[in-house]
>>> print(open('my_file.cif').read())   # mmCIF, C-alpha atoms
data_my_file
#
loop_
_atom_site.label_atom_id
_atom_site.label_comp_id
_atom_site.auth_asym_id
_atom_site.auth_seq_id
_atom_site.Cartn_x
_atom_site.Cartn_y
_atom_site.Cartn_z
CA MET N 1 24.30 45.20 20.39
CA SER N 2 24.77 48.85 21.37
CA ASP N 3 26.16 50.15 24.63
CA SER N 4 22.92 51.53 25.97
CA GLY N 5 23.74 51.62 29.66
CA SER N 6 20.71 50.90 31.79
CA ALA N 7 18.22 50.93 28.89
CA SER N 8 16.29 47.68 28.63
CA VAL N 9 13.95 46.14 26.11
CA GLU N 10 10.26 46.25 26.98
CA SER N 11 8.05 43.24 26.40
CA PRO N 12 6.30 44.13 23.14
CA LYS N 13 2.55 44.03 22.66
CA ASP N 14 3.37 43.28 19.04
CA ASP N 15 6.41 43.45 16.80
CA MET N 16 5.43 46.73 15.15
CA HIS N 17 5.91 49.27 17.94
CA ASP N 18 9.29 50.34 19.25
CA SER N 19 9.23 52.30 22.51
CA GLU N 20 11.66 54.98 23.63
CA ALA N 21 13.47 52.34 25.66
CA ASP N 22 13.76 50.17 22.56
CA LEU N 23 15.21 53.04 20.53
CA ALA N 24 17.74 53.66 23.27
CA HIS N 25 18.58 49.96 23.42
CA TRP N 26 19.12 49.63 19.65
CA GLN N 27 20.71 53.01 19.06
CA GLN N 28 22.20 52.26 15.64
CA LEU N 29 18.76 51.26 14.33
CA ALA N 30 16.86 54.10 15.99
CA GLY N 31 16.70 56.35 12.92
CA LYS N 32 15.30 53.67 10.62
CA LEU N 33 12.95 52.40 13.33
CA GLN N 34 11.55 55.92 13.68
CA ASP N 35 11.09 56.05 9.89
CA CYS N 36 9.08 52.82 10.10
CA ALA N 37 7.03 54.26 12.96
CA GLU N 38 6.16 57.31 10.84
CA VAL N 39 5.60 55.60 7.48
CA ILE N 40 4.28 52.13 8.32
CA GLU N 41 2.88 52.03 11.83
CA PRO N 42 -0.11 54.40 11.36
CA ALA N 43 -1.29 52.39 8.35
CA PHE N 44 -0.69 49.16 10.25
CA ARG N 45 -2.65 50.32 13.31
CA LYS N 46 -5.58 51.34 11.13
CA ALA N 47 -5.66 48.02 9.25
CA ASP N 48 -5.02 45.92 12.34
CA GLY N 49 -7.77 47.67 14.32
CA ALA N 50 -10.25 47.26 11.47
CA ALA N 51 -9.32 43.59 11.07
CA LEU N 52 -9.85 42.86 14.76
CA ARG N 53 -13.16 44.73 14.74
CA HIS N 54 -14.52 42.94 11.65
CA GLN N 55 -13.28 39.58 12.95
CA SER N 56 -15.18 40.13 16.20
CA TYR N 57 -18.37 41.09 14.33
CA HIS N 58 -18.02 38.10 12.02
CA ARG N 59 -17.58 35.58 14.82
CA GLN N 60 -20.46 37.05 16.81
CA LEU N 61 -22.76 36.69 13.79
CA VAL N 62 -21.62 33.09 13.29
CA LYS N 63 -22.53 32.35 16.92
CA TRP N 64 -25.92 34.09 16.71
CA ALA N 65 -26.88 32.49 13.40
CA THR N 66 -25.80 29.03 14.54
CA VAL N 67 -27.23 29.10 18.07
CA PHE N 68 -30.59 30.66 17.21
CA GLY N 69 -30.94 28.71 13.96
CA THR N 70 -30.41 25.50 15.89
CA ALA N 71 -32.84 26.65 18.60
CA ALA N 72 -35.53 27.33 16.00
CA ILE N 73 -35.23 23.80 14.64
CA LEU N 74 -35.36 22.33 18.13
CA PHE N 75 -38.52 24.32 18.93
CA ALA N 76 -40.11 22.96 15.74
CA ILE N 77 -39.23 19.40 16.74
CA LEU N 78 -40.74 19.92 20.19
CA GLN N 79 -43.97 21.19 18.65
CA LEU N 80 -44.14 18.16 16.40
CA ALA N 81 -43.58 15.72 19.25
CA PHE N 82 -45.58 17.42 22.03
CA GLY N 83 -47.97 19.69 20.19
CA ASP N 84 -50.94 18.26 22.03
CA ALA N 85 -49.30 18.55 25.45
CA ILE N 86 -47.67 21.99 25.48
CA GLY N 87 -48.82 25.46 24.66
CA LEU N 88 -48.28 25.77 20.93
CA HIS N 89 -48.64 29.55 21.06
CA GLN N 90 -45.72 30.06 23.44
CA VAL N 91 -43.43 27.65 21.57
CA ALA N 92 -44.39 29.20 18.25
CA ILE N 93 -43.41 32.66 19.54
CA ALA N 94 -40.07 31.33 20.78
CA GLU N 95 -39.52 29.63 17.44
CA LEU N 96 -40.36 32.82 15.54
CA VAL N 97 -37.97 34.90 17.65
CA ALA N 98 -35.17 32.37 17.17
CA VAL N 99 -35.75 32.24 13.41
CA ALA N 100 -35.82 36.03 13.18
CA ILE N 101 -32.51 36.43 15.04
CA ALA N 102 -30.82 33.66 13.05
CA LEU N 103 -32.07 35.08 9.75
CA ALA N 104 -31.05 38.62 10.69
CA ALA N 105 -27.55 37.43 11.62
CA PHE N 106 -27.23 35.51 8.36
CA VAL N 107 -28.49 38.36 6.19
CA LEU N 108 -26.37 40.94 8.00
CA GLY N 109 -23.28 38.78 7.71
CA SER N 110 -23.91 38.18 4.00
CA LEU N 111 -24.69 41.79 3.08
CA VAL N 112 -22.11 43.59 5.21
CA ALA N 113 -19.53 40.85 4.53
CA PHE N 114 -17.64 41.15 7.81
CA GLN N 115 -15.63 38.05 6.94
CA VAL N 116 -14.40 39.56 3.67
CA ARG N 117 -13.60 42.89 5.33
CA TRP N 118 -11.74 41.10 8.12
CA LEU N 119 -9.58 39.16 5.67
CA VAL N 120 -8.84 42.20 3.50
CA GLU N 121 -7.77 44.31 6.48
CA ARG N 122 -5.78 41.45 8.01
CA ASN N 123 -3.97 41.03 4.70
CA LYS N 124 -3.10 44.72 4.69
CA ALA N 125 -1.79 44.57 8.26
CA GLU N 126 0.35 41.48 7.68
CA ARG N 127 1.81 42.79 4.43
CA LEU N 128 2.70 46.06 6.17
CA ARG N 129 4.37 44.06 8.93
CA ILE N 130 6.38 42.16 6.32
CA GLU N 131 7.40 45.42 4.61
CA LYS N 132 8.79 46.81 7.85
CA PHE N 133 11.14 43.93 8.41
CA ARG N 134 12.11 43.51 4.76
CA TYR N 135 13.05 47.16 4.77
CA LEU N 136 15.20 46.74 7.87
CA ILE N 137 17.03 43.58 6.75
CA ASP N 138 17.96 44.96 3.33
CA PRO N 139 21.80 45.18 3.36
CA GLU N 140 21.74 48.07 0.89
CA LEU N 141 19.93 50.21 3.44
CA TRP N 142 22.96 50.10 5.72
CA ASN N 143 25.82 50.75 3.28
CA GLY N 144 26.09 54.40 4.26
CA ASN N 145 24.99 55.78 0.88
CA PRO N 146 22.48 58.66 1.46
CA GLY N 147 21.13 58.35 -2.07
CA ILE N 148 20.29 54.67 -1.64
CA GLU N 149 18.75 55.34 1.77
CA GLU N 150 16.52 58.03 0.27
CA ARG N 151 15.49 55.73 -2.58
CA LYS N 152 14.70 52.89 -0.19
CA GLY N 153 12.60 55.23 1.95
CA ALA N 154 10.63 56.42 -1.09
CA GLU N 155 10.06 52.84 -2.23
CA LEU N 156 8.80 51.92 1.23
CA ALA N 157 6.33 54.83 1.24
CA GLU N 158 5.00 53.76 -2.19
CA LYS N 159 4.56 50.17 -1.05
CA VAL N 160 2.65 51.33 2.04
CA LYS N 161 0.30 53.44 -0.12
CA SER N 162 -0.28 50.52 -2.47
CA ILE N 163 -1.09 48.14 0.38
CA GLU N 164 -3.40 50.68 2.05
CA ALA N 165 -5.40 50.97 -1.19
CA ALA N 166 -5.84 47.19 -1.60
CA GLN N 167 -9.39 45.91 -2.16
CA HIS N 168 -10.94 42.45 -2.16
CA HIS N 169 -9.91 41.68 -5.75
CA ASP N 170 -6.34 42.79 -4.99
CA VAL N 171 -6.15 40.31 -2.12
CA HIS N 172 -7.34 37.51 -4.41
CA HIS N 173 -4.76 38.52 -6.99
CA TRP N 174 -2.04 38.51 -4.31
CA ILE N 175 -2.77 34.98 -3.12
CA GLU N 176 -3.32 33.61 -6.63
CA ASN N 177 0.01 34.84 -8.01
CA ASP N 178 2.89 33.30 -6.14
CA VAL N 179 6.37 34.06 -7.39
CA VAL N 180 9.38 31.77 -7.20
CA PRO N 181 11.27 33.10 -4.17
CA THR N 182 14.85 34.06 -4.96
CA PRO N 183 17.14 35.84 -2.52
CA PRO N 184 18.08 39.32 -3.80
CA ASP N 185 21.55 40.01 -5.17
CA SER N 186 22.22 42.36 -2.27
CA VAL N 187 22.09 39.31 0.00
CA LEU N 188 23.64 36.72 -2.31
CA GLY N 189 26.59 38.97 -3.08
CA LEU N 190 27.17 40.13 0.48
CA SER N 191 30.77 39.71 1.61
CA ASP N 192 31.34 42.47 4.17
CA ALA N 193 29.04 42.76 7.15
CA PRO N 194 27.29 46.15 7.51
CA PRO N 195 28.39 47.95 10.70
CA ILE N 196 24.94 47.48 12.25
CA THR N 197 24.85 43.70 11.69
CA SER N 198 25.22 42.65 15.32
CA GLU N 199 22.56 45.05 16.54
CA LEU N 200 20.24 44.27 13.63
CA LEU N 201 20.47 40.54 14.29
CA ASP N 202 19.70 41.08 17.96
CA TYR N 203 16.72 43.28 17.11
CA TYR N 204 15.38 40.84 14.53
CA ARG N 205 15.67 37.87 16.86
CA THR N 206 13.85 39.69 19.64
CA ARG N 207 11.23 41.65 17.76
CA ARG N 208 10.47 39.37 14.84
CA LEU N 209 11.70 35.81 15.04
CA GLU N 210 11.17 35.01 18.71
CA TYR N 211 7.93 37.00 18.85
CA GLN N 212 6.41 35.17 15.86
CA LEU N 213 7.71 31.82 17.09
CA ALA N 214 5.96 32.32 20.43
CA PHE N 215 2.81 33.48 18.62
CA PHE N 216 2.66 30.39 16.39
CA ARG N 217 3.21 28.04 19.32
CA LYS N 218 0.49 29.77 21.33
CA ARG N 219 -1.98 29.67 18.45
CA ALA N 220 -1.21 26.02 17.70
CA ASN N 221 -1.94 25.08 21.31
CA GLU N 222 -5.17 27.12 21.35
CA TYR N 223 -6.49 25.55 18.16
CA LEU N 224 -5.44 22.06 19.24
CA LYS N 225 -7.40 22.48 22.48
CA LEU N 226 -10.44 23.68 20.53
CA GLN N 227 -10.12 20.82 18.07
CA LYS N 228 -9.78 18.20 20.81
CA ALA N 229 -12.78 19.64 22.66
CA THR N 230 -15.09 19.54 19.63
CA MET N 231 -13.77 16.98 17.12
CA HIS N 232 -15.73 14.00 18.46
CA VAL N 233 -18.91 15.85 19.41
CA PRO N 234 -20.77 15.50 16.05
CA ALA N 235 -19.99 11.77 15.83
CA VAL N 236 -21.01 11.15 19.45
CA LEU N 237 -24.27 13.04 18.95
CA PHE N 238 -25.02 11.08 15.78
CA LEU N 239 -24.45 7.77 17.54
CA ALA N 240 -26.59 8.98 20.44
CA SER N 241 -29.40 9.82 18.01
CA VAL N 242 -29.21 6.30 16.57
CA GLY N 243 -29.32 4.97 20.11
CA ALA N 244 -32.44 7.05 20.79
CA VAL N 245 -34.11 5.52 17.74
CA LEU N 246 -33.28 2.02 18.96
CA LEU N 247 -34.59 2.81 22.46
CA HIS N 248 -37.79 4.18 20.97
CA TYR N 249 -38.24 1.10 18.82
CA GLY N 250 -37.40 -1.32 21.64
CA HIS N 251 -39.69 0.46 24.09
CA ASP N 252 -42.65 0.38 21.72
CA LEU N 253 -41.96 -3.24 20.83
CA PHE N 254 -41.74 -4.24 24.49
CA THR N 255 -44.83 -2.33 25.68
CA HIS N 256 -46.96 -3.11 22.59
CA ALA N 257 -48.06 0.52 22.73
CA GLU N 258 -50.65 1.59 20.16
CA ARG N 259 -49.91 5.29 20.78
CA LEU N 260 -46.71 7.10 21.54
CA ASP N 261 -46.15 7.63 25.24
CA ALA N 262 -43.93 10.34 26.80
CA PHE N 263 -40.79 8.18 26.72
CA SER N 264 -41.12 7.38 23.02
CA ARG N 265 -41.79 11.01 22.19
CA TRP N 266 -38.67 12.12 24.01
CA MET N 267 -36.61 9.47 22.21
CA ILE N 268 -37.95 10.79 18.89
CA VAL N 269 -37.10 14.34 19.95
CA LEU N 270 -33.55 13.26 20.80
CA ALA N 271 -33.18 11.30 17.58
CA ALA N 272 -34.14 14.36 15.56
CA SER N 273 -32.42 17.00 17.70
CA LEU N 274 -28.97 15.55 18.34
CA PRO N 275 -27.85 15.59 14.68
CA VAL N 276 -29.04 19.21 14.47
CA ILE N 277 -26.84 20.11 17.44
CA GLY N 278 -24.00 18.18 15.82
CA GLY N 279 -24.48 20.28 12.70
CA ALA N 280 -24.09 23.41 14.82
CA PHE N 281 -20.73 22.14 16.06
CA ARG N 282 -19.67 21.47 12.46
CA THR N 283 -20.56 25.05 11.58
CA PHE N 284 -18.29 26.36 14.33
CA GLN N 285 -15.52 24.00 13.21
CA SER N 286 -15.85 25.22 9.63
CA ALA N 287 -15.80 28.89 10.65
CA TYR N 288 -12.68 28.48 12.81
CA GLU N 289 -10.91 25.74 10.78
CA ALA N 290 -9.43 24.61 14.07
CA ALA N 291 -7.74 21.41 12.93
CA ARG N 292 -6.04 22.77 9.83
CA ASN N 293 -5.02 25.99 11.59
CA ALA N 294 -3.55 24.05 14.50
CA TYR N 295 -1.32 21.92 12.31
CA ARG N 296 -0.43 24.85 10.06
CA TYR N 297 0.68 26.96 13.01
CA ARG N 298 2.62 24.03 14.47
CA ALA N 299 4.40 23.42 11.15
CA LYS N 300 5.39 27.08 10.83
CA ALA N 301 6.65 27.11 14.42
CA VAL N 302 8.92 24.18 13.54
CA ALA N 303 10.14 26.06 10.45
CA LEU N 304 10.87 29.23 12.44
CA ALA N 305 12.72 27.21 15.10
CA SER N 306 14.88 25.75 12.34
CA ILE N 307 15.59 29.22 10.94
CA LYS N 308 16.45 30.48 14.42
CA SER N 309 18.94 27.64 14.83
CA ALA N 310 20.45 28.42 11.43
CA LEU N 311 20.75 32.10 12.36
CA ASP N 312 22.37 31.26 15.70
CA HIS N 313 24.98 29.12 13.95
CA ALA N 314 25.57 31.41 10.96
CA THR N 315 29.15 32.65 10.80
CA GLY N 316 29.31 35.07 7.89
CA PRO N 317 27.17 38.05 6.81
CA ARG N 318 25.86 36.25 3.74
CA SER N 319 24.53 33.28 5.73
CA GLN N 320 23.16 35.58 8.42
CA PHE N 321 21.21 37.81 6.03
CA LEU N 322 20.05 34.75 4.08
CA ALA N 323 18.53 33.40 7.30
CA LEU N 324 16.71 36.71 7.80
CA TRP N 325 15.46 36.65 4.21
CA PHE N 326 14.22 33.06 4.48
CA CYS N 327 12.43 33.93 7.71
CA GLU N 328 10.51 36.73 6.02
CA GLN N 329 9.69 34.46 3.07
CA THR N 330 8.42 31.79 5.46
CA LEU N 331 6.19 34.30 7.25
CA GLU N 332 4.81 35.62 3.96
CA ASN N 333 4.04 32.07 2.78
CA GLU N 334 2.34 31.36 6.11
CA HIS N 335 0.06 34.34 5.64
CA ARG N 336 -0.78 33.29 2.09
CA GLU N 337 -1.70 29.80 3.32
CA TRP N 338 -3.85 31.18 6.14
CA LEU N 339 -5.62 33.60 3.82
CA ARG N 340 -6.41 30.90 1.26
CA LEU N 341 -7.75 28.65 4.02
CA MET N 342 -10.00 31.32 5.53
CA LEU N 343 -11.31 32.50 2.16
CA GLU N 344 -12.38 28.93 1.44
CA ALA N 345 -14.02 28.46 4.84
CA GLU N 346 -17.81 28.69 4.73
CA TRP N 347 -18.88 31.19 7.34
CA PHE N 348 -22.31 29.55 7.72
#
>>> encode(input="my_file.cif", output="structure tokens")
Amino acid sequence: MSDSGSASVESPKDDMHDSEADLAHWQQLAGKLQDCAEVIEPAFRKADGAALRHQSYHRQLVKWATVFGTAAILFAILQLAFGDAIGLHQVAIAELVAVAIALAAFVLGSLVAFQVRWLVERNKAERLRIEKFRYLIDPELWNGNPGIEERKGAELAEKVKSIEAAQHHDVHHWIENDVVPTPPDSVLGLSDAPPITSELLDYYRTRRLEYQLAFFRKRANEYLKLQKATMHVPAVLFLASVGAVLLHYGHDLFTHAERLDAFSRWMIVLAASLPVIGGAFRTFQSAYEAARNAYRYRAKAVALASIKSALDHATGPRSQFLALWFCEQTLENEHREWLRLMLEAEWF
């Protein structure tokens, strides 16, 4: 860690931006961090902003299509059960409006493909994030050879251009072609610690490892709460619909009714409507993949905690840089798993 006087580390909004205070705090890294800010960060901000925007559009369309599609079915059930007792014209208009909104959301989501755009841009952003930290933890970058530094900088710029140009088919190719991870020779053959090792390890712990560990734990808790809040709803609604059928049957049997009264009609409405509402909850569960995401995030948090412990107890440069390398590999694998999961998820 550098002698930076009163300079202190700011709490980062993300692990991609380094403030002036950060550069003063990690003085030995400042030059390379500024290179990353110039080469990687603009492309990252563009991809990250687009990903967040498309994700928001996608999730809004899922909500509109699901809510109004469900409402249209419920209006139809009400007409069937109480057509002779309510104004069919008003209900028909409400049903038509609900169908139109649901259909528009579905068609818009299918044609504009916000989900696909979200995943492509998120892939770009995460791969750019990985490139930043792989660039920084490369021991060759810090051996004091200007020629190697220039070559590494040029390679980084080329990788950024390649990632920026990625399309949907490139993302599929990326997740369908895993390679057997092998630590590079520059790490395996490392015997002497680069002069920036102490500061680099401190930076990596703060900006990358601890930040991502906190992120995974937060996401795991969020998805677990969502899963717990919704996991039993479809089953409960199905059982309630069966109960409504039994109440309808028992009521008619007990009263010997020759025509359906209001109670029986409402039981029929519930029997038909509750599974429809349960289907809406299943649609939300499918779009968010809450259960699988919760356990995936929790598993990766455990893996990162293990890597952090290994890094804290590492004694030599080889073991220290191996821990950094394995951390980046773990984060890349996590993104591949997430991307495969979300590409398989049916948006509606």
>>> resolve_selection(input="my_file.cif", expression="the PyMOL selection byres ((chain N and resi 308) around 9)", output="number ranges by chain")
N: 205, 209-210, 303-307, 309-313, 323, 327
>>> residues_around(input="my_file.cif", residues="range 329-333 of chain N", least_positions_apart="6", cutoff="9 Å", atoms="all atoms listed in the file", output="PyMOL selection string")
chain N and resi 126-127+130+181+212+300+303-304
>>> closest_residue(input="my_file.cif", among="N:Gln55, N:Ser241, N:Gln28, N:Ser286", to="Ser273 in chain N", atoms="only C-alpha atoms")
N:Ser241
>>> residues_around(input="my_file.cif", residues="Lys159 in chain N", least_positions_apart="5", cutoff="9 Å", atoms="only C-alpha atoms", output="PyMOL selection string")
chain N and resi 128+131+154+164
>>> closest_residue(input="my_file.cif", among="N:Leu274, N:Asp170, N:Leu141, N:Leu322", to="Pro195 in chain N", atoms="all atoms listed in the file")
N:Leu141
